[in-house]
Each structure stands twice: as structure tokens, then as C-alpha cells.
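Visitor: Dropping the structure in here first, questions after.
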Amino acid sequence: MTFGYYSFESLQRELERMLAAAFGAPTGVASITGVYPAVDVFDAGEQYVVTAELPGVRKDDVEIEVEDDTLTLRGERKVPPLDEKAAWHRRERPSGRFRRVVRLARLDSESAAAEFKDGVLTVRLPKAKEIRPRKVEIQVG
Amino acid sequence: MTATSEGTARETQTEAAAREMEARPKQKVERTEERTRPSATFQPLVDIHETPEELVVVADMPGVGPDGVEIEVEGNHLTIEGHVRPQDYEGLKPVHVEYVIGDYYRRFTLGDAIDREAIKAEMRDGVLTLHLPKSTQARVRRIPVS
């Protein structure tokens with residue numbers, strides 16, 4: 001199945017709709033103000049996929065913990081200081097320590113996996129076996 | 001609770017929360033010209049600093065790899081664009097949303113003091129770093145005193 005021209009746009013529309021519905025965000029604003037980092041949670045059938053934008057954060061600067069039904073992201077975003085000959089013109093990028101706890105449904109913490117690519121942290125959290133969608137065979141008889 | 005039994009002051013929850021980083025809302029950019037890619041576009045946050053030799057622009061564009069960056073200098077304007085990968089989200093159904101995923105775009109006006117031919121760009125971990133060297137006339141020259 002290829003992700004065509006229309007599919008990504010419809011995902012974006014869905015993200016914008018859900019963001020506005022949950023937080024009353026006006027159009028044109030694409031994340032809530034508050035705790036850092038902002039996270040999105042997706043359902044991929046057998047697992048949850050949690051994404052967070054952490055540009056410039058190194059793998060060693062973030063800690064991921066999974067326990068029962070919660071995912072904890074903890075770490076630090078460092079912006080190197082300028083040397084004495086340099087001067088700031090504009091400072092918009094946030095820096096400092098962060099800690100985020102995301103509560104989901106029951107997870108199978110043994111097989112959680114995380115990937116950090118191009119500043120996006122993706123954590124795949126398999127759901128506990130009891131709550132995974134099960135295929136039901138139709139008995140013909 | 002602000003004090004332990006030993007009498008040492010402890011940070012209250014409010015104080016700790018105030019120190020934590022804030023997630024900023026992504027500012028959507030209205031694109032007026034015709035584009036082949038349809039996705040919603042956002043303005044990347046930037047840090048800009050100046051040294052005696054150059055201007056350095058650092059832009060957060062998470063989800064964008066080196067292949068997804070476009071930099072254009074036209075006359076006095078510098079444009080940066082970052083394209084995310086839609087295929088990374090294929091088959092995923094959103095259940096809790098705090099930020100929207102999309103491309104990035106930002107336009108800057110350069111002063112005459114930039115040596116346009118010598119602009120260097122680096123894209124790593126979703127961060128674009130642009131080195132804009134000042135043209136030789138604009139640099140501060142140290143005049144040795146004998």
C-alpha cells in the first residue's frame with residue numbers, strides 16, 4: 001500500500017481536527033503550549049506508536065522508560081553557549097531539561113522499541129496480549 | 001511541602017514545573033504560490049548568532065533528513081524548506097494529538113554583507129545549520145600596530 005498524495009493530507013487534517021477538538025486550539029496553531037516535548041500517540045493495531053519531536057537531542061541525552069501502562073521520556077536539550085566573540089540576534093529554540101509521562105493502556109513492556117531519526121523519537125509499544133485486537137474465525141458449519 | 005525534616009529547602013511542585021521546558025505551538029505558514037507537495041507547512045524555530053566572520057542560522061526541522069532540505073538564495077532573500085517523509089506515518093491511526101506533522105518553510109532577508117557564494121549548510125538530527133560568511137569588506141579587520 002503506497003502513501004499517495006491524498007493520504008498524508010488526510011492524516012494532517014485528522015491531526016489538526018483532533019488537536020483542535022482536544023485543546024480548543026485555533027486554526028493555524030499546531031501544538032499545545034505546555035509540557036515539552038509534545039507527543040502524538042498512534043494506534044497501529046498490535047502496538048501503540050508514540051512520536052515526539054526532539055530536534056538536536058542526542059541519543060545519550062534522552063532516557064526512555066516503560067512500565068505497566070506508562071511511558072516516561074526524560075532528558076536534556078542542550079544548546080551550546082556562544083563564545084565571547086559572538087552575539088545572539090534571535091533565540092527561539094527551547095533548551096533545558098524535560099520529563100514527559102504518557103499514560104496508555106496495558107503494555108507489554110518487554111518488547112518496547114525506540115528509534116531516534118532526524119530529531120524524531122519514535123517509541124513502539126506492543127499492547128499487552130489481552131488487549132490486542134484478535135481475529136475471530138468465522139466457523140462455517 | 002517546602003521543607004524536609006532536616007530543614008533543607010525543597011522545591012515545590014510549582015517551582016519545578018516552572019523550570020521545565022515549554023512546548024511551543026507550531027506556527028502555520030500560508031503558502032500562496034503553487035506547490036506540487038500539498039502538505040500543511042510550519043515555520044521552524046530558529047536561533048541566529050553573529051561572529052566576526054559569519055552569521056549562523058540554526059533551524060529546528062524535526063523529521064527532515066539531509067535529502068529533504070531545500071535552500072535558495074534569490075536576490076536579498078534566503079529561503080529554507082524542509083520536507084518530512086509521509087511514509088513514516090503510513091498505517092498509523094492517531095489517538096492522541098499534541099502536534100501536527102508537516103513540512104517547514106521560512107524566508108529571511110539578507111543584508112548586502114553576506115558572501116552568497118560561500119554559504120554552507122549542514123543537516124543533522126532534524127537541525128539545519130547555515131553558515132553565512134560575511135563578505136570580506138564587511139568583516140572586521142584587525143590592523144596590526146607596529
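Numbering starts fresh at 1 for the residues of each chain in the C-alpha cells, the chains themselves are lettered A, B, ... in the order given, and ligands are numbered from 1 as they appear.
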Please, which residues of chain B lie no more than 9 Å from chain A when the count uses only C-alpha atoms, and can they be set out as number ranges by chain?

Guide: B: 17, 19-30, 37-40, 42, 45-52, 58-66, 86-87, 89-102, 123-127

Visitor: Write a file of the just-selected residues containing C-alpha atoms, as a compact mmCIF listing (two decimals), in the first residue's frame.

Guide:
```txt
# COMPACT_ATOMS: atom_id res chain seq x y z
CA ALA B 17 7.15 22.88 36.76
CA ARG B 19 11.68 25.39 35.30
CA GLU B 20 10.61 22.71 32.86
CA MET B 21 10.72 23.37 29.17
CA GLU B 22 7.68 24.61 27.36
CA ALA B 23 6.36 23.14 24.16
CA ARG B 24 5.62 25.96 21.78
CA PRO B 25 2.76 25.80 19.30
CA LYS B 26 3.91 25.34 15.71
CA GLN B 27 3.09 28.39 13.64
CA LYS B 28 1.42 27.50 10.37
CA VAL B 29 2.69 29.23 7.24
CA GLU B 30 0.29 30.25 4.48
CA ARG B 37 3.54 18.97 -2.44
CA PRO B 38 0.25 19.59 -0.68
CA SER B 39 1.15 19.26 2.95
CA ALA B 40 0.47 21.87 5.62
CA PHE B 42 5.05 25.28 9.54
CA LEU B 45 12.09 27.88 15.21
CA VAL B 46 15.49 29.48 14.64
CA ASP B 47 18.45 30.72 16.59
CA ILE B 48 20.64 33.27 14.85
CA HIS B 49 24.00 34.45 16.07
CA GLU B 50 26.78 36.55 14.63
CA THR B 51 30.53 36.15 14.88
CA PRO B 52 33.17 38.46 13.38
CA VAL B 58 20.14 27.20 13.22
CA ALA B 59 16.63 25.91 12.43
CA ASP B 60 14.68 23.09 14.07
CA MET B 61 13.12 20.89 11.39
CA PRO B 62 12.48 17.55 13.08
CA GLY B 63 11.57 14.73 10.70
CA VAL B 64 13.59 16.23 7.85
CA GLY B 65 16.68 14.42 6.59
CA PRO B 66 19.53 15.87 4.50
CA PRO B 86 4.82 10.90 4.74
CA GLN B 87 5.71 7.20 4.52
CA TYR B 89 3.24 7.61 9.18
CA GLU B 90 1.70 5.09 6.85
CA GLY B 91 -0.89 2.88 8.51
CA LEU B 92 -0.93 4.86 11.75
CA LYS B 93 -4.20 5.99 13.28
CA PRO B 94 -3.91 9.00 15.60
CA VAL B 95 -5.46 8.53 19.06
CA HIS B 96 -3.90 11.44 20.99
CA VAL B 97 -2.59 14.54 19.23
CA GLU B 98 -0.45 17.34 20.63
CA TYR B 99 1.32 18.46 17.46
CA VAL B 100 0.72 18.33 13.72
CA ILE B 101 3.33 16.83 11.40
CA GLY B 102 4.23 18.73 8.27
CA MET B 123 21.52 18.94 8.32
CA ARG B 124 21.75 16.66 11.33
CA ASP B 125 19.23 15.19 13.83
CA GLY B 126 16.48 17.39 12.40
CA VAL B 127 18.52 20.58 12.84
```

Visitor: Name the residues in contact with stretch 69-74 of chain A at a cut-off of 7 Å, using only C-alpha atoms, excluding same-chain residues fewer than 5 positions from it; report them as a list in words.

Guide: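 The residues that qualify are Val62, Glu63, Ile64, Phe98, Arg99, Arg100, Val101, Val102, Arg103, Leu104, Ala105, Arg106 and Leu107 of chain A.
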
Visitor: With C-alpha atoms kept, could you save the residues just selected as an mmCIF file, in the first residue's frame?

Guide:
```cif
data_model
loop_
_atom_site.group_PDB
_atom_site.id
_atom_site.type_symbol
_atom_site.label_atom_id
_atom_site.label_comp_id
_atom_site.auth_asym_id
_atom_site.auth_seq_id
_atom_site.Cartn_x
_atom_site.Cartn_y
_atom_site.Cartn_z
ATOM 1 C CA VAL A 62 17.293 11.024 26.383
ATOM 2 C CA GLU A 63 16.084 8.222 28.639
ATOM 3 C CA ILE A 64 13.025 6.110 27.856
ATOM 4 C CA PHE A 98 12.401 17.760 30.112
ATOM 5 C CA ARG A 99 10.291 14.970 31.533
ATOM 6 C CA ARG A 100 7.118 13.625 29.996
ATOM 7 C CA VAL A 101 4.887 10.830 31.231
ATOM 8 C CA VAL A 102 2.408 9.345 28.768
ATOM 9 C CA ARG A 103 -0.262 7.047 30.103
ATOM 10 C CA LEU A 104 -1.617 4.448 27.702
ATOM 11 C CA ALA A 105 -3.389 1.125 28.068
ATOM 12 C CA ARG A 106 -1.721 -2.037 29.314
ATOM 13 C CA LEU A 107 1.622 -2.517 27.595
#
```

Visitor: In Å, how far is it from atom CA of A:Glu110 to atom CA of A:Gly75?

Guide: 21.7 Å

Visitor: By how many Å are atom CA of B:Val84 and atom CA of A:Pro80 apart?

Guide: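 Interatomic distance here is 25.8 Å.
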
Visitor: What are the DSSP strand (DSSP E) residues of stretch 56-129 of chain B, as a VMD selection string?

Guide: chain B and resid 56 to 60 64 to 74 77 to 84 93 to 96 103 to 109 120 to 124 127 to 129

Visitor: To one decimal place, how far is atom CA of B:Ile80 from atom CA of A:Glu115 in Å?

Guide: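 Between atom CA of B:Ile80 and atom CA of A:Glu115 the gap works out to 26.3 Å.
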
Visitor: So that I can see what lies close to B:Gln43, please list as an MDAnalysis selection string the residues with an atom at most 6 Å from it, counting only C-alpha atoms and leaving out residues fewer than 4 positions away in the same chain.

Guide: chainID B and resid 27 104:106

Visitor: Identify which of the residues A:Asp68, A:Pro81, A:Ser111, A:Asp60 lies closest to A:Pro126, counting only C-alpha atoms when measuring atom-to-atom distances.

Guide: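 Result for the nearest residue to A:Pro126: A:Ser111.
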
Visitor: What are the DSSP alpha helix (DSSP H) residues of chain A, as a list in words?

Guide: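 Here is the list: Tyr5, Tyr6, Ser7, Phe8, Glu9, Ser10, Leu11, Gln12, Arg13, Glu14, Leu15, Glu16, Arg17, Met18, Leu19, Ala20, Ala21, Ala22 and Phe23 of chain A.
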
Visitor: Selected residues, C-alpha atoms, written as a short mmCIF file (atom, residue, chain, number, x, y, z; two decimals), in the first residue's frame, please.

Guide:
```cif
data_model
loop_
_atom_site.label_atom_id
_atom_site.label_comp_id
_atom_site.auth_asym_id
_atom_site.auth_seq_id
_atom_site.Cartn_x
_atom_site.Cartn_y
_atom_site.Cartn_z
CA TYR A 5 -0.81 12.36 -2.44
CA TYR A 6 -4.15 12.40 -0.66
CA SER A 7 -3.38 10.09 2.26
CA PHE A 8 -0.79 12.28 4.01
CA GLU A 9 -3.01 15.33 3.62
CA SER A 10 -5.90 13.47 5.19
CA LEU A 11 -3.66 12.40 8.10
CA GLN A 12 -2.70 16.04 8.61
CA ARG A 13 -6.35 17.08 8.54
CA GLU A 14 -7.15 14.40 11.10
CA LEU A 15 -4.25 15.57 13.33
CA GLU A 16 -5.43 19.18 13.09
CA ARG A 17 -9.03 18.20 13.81
CA MET A 18 -8.10 16.13 16.86
CA LEU A 19 -5.74 18.83 18.15
CA ALA A 20 -8.44 21.49 17.87
CA ALA A 21 -11.08 19.21 19.43
CA ALA A 22 -8.92 18.23 22.40
CA PHE A 23 -7.44 21.58 23.24
#
```
